[in-house]
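**Student:** Let me give you the structure first, and then I'll get to my questions.
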Amino acid sequence: MNAALAPTGFAARLRLDALELPALAAIWGISFLFMRVAAPAFGPLALVEVRLALGGLVLAPLLWRARAQFPLRLWPKLALVGAINSAVPFALFAWGAERAPAGIGAIASAMTVLFAALVGFAFFGEKIGKRRALALLGGFAGVGVLAAGKSGGTGAAVGWAVAAGCAAAFLYGVGLHLVRRHLGGLPPAAVASATLLSAALLMLPAALAQWPAQPVGARAWAAAALLGLLCTGLAYALFYRLVARIGAARTSLVTYLIPLFGVAWAWLLLGEPVTAPMAAAGALILAGVWLARREAH
């Protein structure tokens with residue numbers, strides 16, 4: 001009986017995986033919309049504090065379950081990774097969201113894969129073959145198109161937002177290597193909670209100093225809460241669930257979908273235009289990501 005039901009169960013799981021991957025991309029894509037809505041009311045630092053704290057608390061039960069694997073001597077390392085992989089990139093994306101359309105940050109975030117390859121080459125002795133070199137050139141060409149093009153904001157503001165998004169993607173690339181080399185073997189979702197909560201503690205003094213003097217409206221609070229609970233805490237949980245079930249390589253396909261969802265959400269819900277420079281930049285960056293992943297495998 002069990003053997004007869006096994007194919008049906010397997011097919012159902014495949015269908016679930018096929019739905020969960022685009023669902024994760026949609027959740028991470030809409031995070032840029034939430035930042036665009038909430039950042040002007042909160043400011044970058046206060047918004048990031050809310051995001052980190054709520055995201056870390058969602059995953060806190062997983063950290064508590066694995067607490068024996070997190071001795072006190074490990075926490076300075078967790079705090080450093082939290083700053084590099086969460087606090088500063090989140091703040092950079094939020095800062096950019098005050099100045100440029102949500103789609104700009106979503107497209108720039110795809111550079112994470114390329115920066116991870118560059119960081120691996122520069123600091124960890126990893127090789128870059130011809131395809132990855134071409135991928136990096138294509139990606140940086142896309143960044144140039146994105147920064148130079150008129151994309152729903154003033155040229156200077158868009159350029160600075162692209163720079164902030166690329167700096168955030170670079171830090172994500174550094175964070176990937178740090179987690180892999182220094183936190184490997186620990187439960188990934190528990191690590192995510194520990195780094196988020198550590199980052200929240202690090203950011204707290206600056207966030208309190210920059211807390212908005214005027215009351216924050218319900219719309220901005222809702223966007224901030226969804227950014228923390230849905231786009232950070234629950235999204236991380238879904239990400240690690242997918243990694244466990246279908247592997248890191250297949251889960252990384254989400255990289256291709258996040259910019260598409262980010263731009264689509266901003267167009268659908270905020271009425272932000274999809275400009276020719278945004279489309280060209282996205283195509284160049286995603287082509288670079290595709291080339292980089294082909295060489296990696």
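Starting from 1 in every chain, residues are counted up; chains themselves are A, B, ... following the order of the structure tokens, and ligands are numbered from 1 as listed.
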Within 6 Å of range 93-106 of chain A, counting only C-alpha atoms, which residues show up once you throw out same-chain ones fewer than 5 positions away? Write them as a short mmCIF file (atom, residue, chain, number, x, y, z; two decimals) with N, CA, C and O atoms, in the first residue's frame, please.

**Tutor:**
```cif
data_model
loop_
_atom_site.label_atom_id
_atom_site.label_comp_id
_atom_site.auth_asym_id
_atom_site.auth_seq_id
_atom_site.Cartn_x
_atom_site.Cartn_y
_atom_site.Cartn_z
N PHE A 32 11.24 44.83 -1.71
CA PHE A 32 11.70 46.13 -2.20
C PHE A 32 10.55 47.13 -2.25
O PHE A 32 10.74 48.33 -2.02
N LEU A 33 9.35 46.63 -2.54
CA LEU A 33 8.17 47.48 -2.48
C LEU A 33 7.90 47.93 -1.04
O LEU A 33 7.63 49.11 -0.79
N MET A 35 10.03 48.25 1.37
CA MET A 35 11.04 49.24 1.74
C MET A 35 10.73 50.59 1.13
O MET A 35 10.89 51.63 1.77
N ARG A 36 10.26 50.58 -0.11
CA ARG A 36 9.91 51.84 -0.79
C ARG A 36 8.79 52.56 -0.05
O ARG A 36 8.78 53.79 0.05
N ALA A 39 10.39 53.15 4.11
CA ALA A 39 11.64 53.88 4.37
C ALA A 39 11.45 55.39 4.53
O ALA A 39 12.06 55.99 5.42
N PRO A 40 10.62 56.05 3.69
CA PRO A 40 10.47 57.50 3.89
C PRO A 40 9.89 57.87 5.26
O PRO A 40 10.21 58.94 5.78
N PRO A 44 16.10 54.80 7.09
CA PRO A 44 16.71 53.48 6.89
C PRO A 44 17.04 52.72 8.17
O PRO A 44 16.77 51.52 8.27
N GLY A 153 13.28 58.46 -11.56
CA GLY A 153 13.80 59.35 -10.53
C GLY A 153 14.86 60.23 -11.15
O GLY A 153 15.18 60.12 -12.33
N ALA A 157 19.95 60.67 -8.02
CA ALA A 157 19.33 59.83 -7.00
C ALA A 157 19.34 58.37 -7.41
O ALA A 157 19.65 57.48 -6.60
N VAL A 158 19.02 58.09 -8.68
CA VAL A 158 19.03 56.71 -9.16
C VAL A 158 20.45 56.15 -9.13
O VAL A 158 20.68 55.00 -8.72
N ALA A 161 21.31 55.25 -5.64
CA ALA A 161 20.55 54.07 -5.22
C ALA A 161 21.14 52.80 -5.83
O ALA A 161 21.22 51.75 -5.15
N GLY A 165 22.68 49.69 -3.76
CA GLY A 165 22.25 48.31 -4.01
C GLY A 165 23.41 47.40 -4.34
O GLY A 165 23.46 46.25 -3.89
N PRO A 259 14.42 39.79 -9.28
CA PRO A 259 14.26 41.07 -9.98
C PRO A 259 12.96 41.16 -10.77
O PRO A 259 12.35 42.23 -10.83
N GLY A 262 10.29 41.76 -8.27
CA GLY A 262 10.45 43.09 -7.69
C GLY A 262 9.92 44.18 -8.60
O GLY A 262 9.19 45.08 -8.16
N VAL A 263 10.29 44.10 -9.87
CA VAL A 263 9.83 45.10 -10.83
C VAL A 263 8.32 44.98 -11.06
O VAL A 263 7.60 45.98 -11.14
#
```

**Student:** Give me, as a list in words, all polymer residues having an atom no more than 8 Å from Val50 in chain A, counting only C-alpha atoms and skipping those fewer than 5 positions away in the same chain.

**Tutor:**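 Non-adjacent residues within range: Ala224, Ala225 and Gly228 of chain A.
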
**Student:** Please dump the current selection as a compact mmCIF listing (two decimals), in the first residue's frame; keep all heavy atoms.

**Tutor:**
```
# COMPACT_ATOMS: atom_id res chain seq x y z
N ALA A 224 6.48 47.75 7.16
CA ALA A 224 7.64 47.36 7.96
C ALA A 224 7.42 46.00 8.61
O ALA A 224 8.33 45.16 8.67
CB ALA A 224 7.92 48.42 9.02
N ALA A 225 6.22 45.78 9.13
CA ALA A 225 5.93 44.49 9.77
C ALA A 225 6.00 43.34 8.77
O ALA A 225 6.56 42.28 9.06
CB ALA A 225 4.54 44.54 10.43
N GLY A 228 9.59 42.50 7.93
CA GLY A 228 10.27 41.69 8.93
C GLY A 228 9.72 40.28 9.06
O GLY A 228 10.47 39.30 9.02
```

**Student:** Could you please determine the separation between CA of Leu186 in chain A and CA of Arg65 in chain A in Å, to one decimal place?

**Tutor:**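 Between these atoms lies a distance of 12.0 Å.
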
**Student:** What gap, in Å, lies between CA of Gly142 in chain A and CA of Leu284 in chain A?

**Tutor:**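 A separation of 5.0 Å between them.
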
**Student:** Given only C-alpha atoms as the basis, pick out the residue of A:Arg245, A:Glu272, A:Met111, A:Ser198 nearest to Ala135 in chain A.

**Tutor:** A:Met111

**Student:** Which polymer residues have any atom within 9 Å of an atom of Leu171 in chain A, counting only C-alpha atoms, with same-chain residues fewer than 2 positions away left out, as a PDB file with N, CA and C atoms, in the first residue's frame?

**Tutor:**
```pdb
ATOM      1  N   ILE A  84      27.534  42.141   8.504  1.00  0.00           N
ATOM      2  CA  ILE A  84      27.935  42.133   7.090  1.00  0.00           C
ATOM      3  C   ILE A  84      26.835  41.596   6.187  1.00  0.00           C
ATOM      4  N   ASN A  85      26.116  40.596   6.664  1.00  0.00           N
ATOM      5  CA  ASN A  85      25.168  39.876   5.814  1.00  0.00           C
ATOM      6  C   ASN A  85      23.731  40.362   5.964  1.00  0.00           C
ATOM      7  N   SER A  86      23.454  41.187   6.998  1.00  0.00           N
ATOM      8  CA  SER A  86      22.079  41.618   7.210  1.00  0.00           C
ATOM      9  C   SER A  86      21.973  43.119   7.486  1.00  0.00           C
ATOM     10  N   VAL A  88      23.959  45.928   7.538  1.00  0.00           N
ATOM     11  CA  VAL A  88      24.425  46.961   6.604  1.00  0.00           C
ATOM     12  C   VAL A  88      23.761  46.825   5.233  1.00  0.00           C
ATOM     13  N   PRO A  89      23.651  45.618   4.648  1.00  0.00           N
ATOM     14  CA  PRO A  89      22.949  45.528   3.359  1.00  0.00           C
ATOM     15  C   PRO A  89      21.487  45.975   3.445  1.00  0.00           C
ATOM     16  N   THR A 112      24.457  39.827  -6.442  1.00  0.00           N
ATOM     17  CA  THR A 112      25.013  39.039  -5.343  1.00  0.00           C
ATOM     18  C   THR A 112      25.816  37.843  -5.852  1.00  0.00           C
ATOM     19  N   PHE A 115      29.111  39.068  -7.357  1.00  0.00           N
ATOM     20  CA  PHE A 115      30.038  39.545  -6.331  1.00  0.00           C
ATOM     21  C   PHE A 115      30.587  38.388  -5.501  1.00  0.00           C
ATOM     22  N   ALA A 116      29.761  37.364  -5.273  1.00  0.00           N
ATOM     23  CA  ALA A 116      30.255  36.190  -4.546  1.00  0.00           C
ATOM     24  C   ALA A 116      31.422  35.550  -5.298  1.00  0.00           C
ATOM     25  N   CYS A 166      24.350  47.909  -5.128  1.00  0.00           N
ATOM     26  CA  CYS A 166      25.518  47.092  -5.484  1.00  0.00           C
ATOM     27  C   CYS A 166      26.421  46.868  -4.266  1.00  0.00           C
ATOM     28  N   ALA A 167      26.564  47.887  -3.414  1.00  0.00           N
ATOM     29  CA  ALA A 167      27.345  47.709  -2.181  1.00  0.00           C
ATOM     30  C   ALA A 167      26.703  46.656  -1.289  1.00  0.00           C
ATOM     31  N   ALA A 168      25.367  46.679  -1.228  1.00  0.00           N
ATOM     32  CA  ALA A 168      24.658  45.665  -0.444  1.00  0.00           C
ATOM     33  C   ALA A 168      24.872  44.275  -1.031  1.00  0.00           C
ATOM     34  N   ALA A 169      24.792  44.162  -2.363  1.00  0.00           N
ATOM     35  CA  ALA A 169      25.011  42.866  -3.015  1.00  0.00           C
ATOM     36  C   ALA A 169      26.438  42.376  -2.788  1.00  0.00           C
ATOM     37  N   GLY A 173      27.667  38.952  -0.950  1.00  0.00           N
ATOM     38  CA  GLY A 173      28.669  38.035  -1.492  1.00  0.00           C
ATOM     39  C   GLY A 173      29.735  37.692  -0.466  1.00  0.00           C
ATOM     40  N   VAL A 174      30.192  38.696   0.301  1.00  0.00           N
ATOM     41  CA  VAL A 174      31.156  38.444   1.378  1.00  0.00           C
ATOM     42  C   VAL A 174      30.518  37.550   2.439  1.00  0.00           C
ATOM     43  N   GLY A 175      29.264  37.865   2.806  1.00  0.00           N
ATOM     44  CA  GLY A 175      28.582  37.099   3.843  1.00  0.00           C
ATOM     45  C   GLY A 175      28.417  35.633   3.483  1.00  0.00           C
ATOM     46  N   LEU A 176      28.163  35.345   2.211  1.00  0.00           N
ATOM     47  CA  LEU A 176      28.029  33.954   1.786  1.00  0.00           C
ATOM     48  C   LEU A 176      29.296  33.166   2.078  1.00  0.00           C
TER      49      LEU A 176
END
```

**Student:** DSSP on the backbone, then: every residue of range 187-223 of chain A marked alpha helix (DSSP H), written as an NGL selection string.

**Tutor:** :A and (188-209 or 218-223)

**Student:** Can you list, as a list in words, every protein, DNA or RNA residue that comes within 12 Å of Ala206 in chain A when you count only C-alpha atoms, leaving out same-chain residues fewer than 2 positions away?

**Tutor:**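 Counting only the stated atoms, we get Gly43, Pro44, Leu45, Ala46, Leu47, Val48, Glu49, Ala87, Ala91, Ala199, Ala200, Leu201, Leu202, Met203, Leu204, Leu208, Ala209, Gln210, Trp211 and Pro212 of chain A.
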
**Student:** Please indicate the distance in Å from CA of Tyr240 in chain A to CA of Ala83 in chain A, rounded to one decimal place.

**Tutor:**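 It comes out at 20.3 Å.
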
**Student:** Which one of A:Ala194, A:Gly144, A:Gly139, A:Tyr236 sits closest to Leu80 in chain A if you count only C-alpha atoms?

**Tutor:**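 Residue with the minimum atom-to-atom distance to Leu80 in chain A: A:Ala194.
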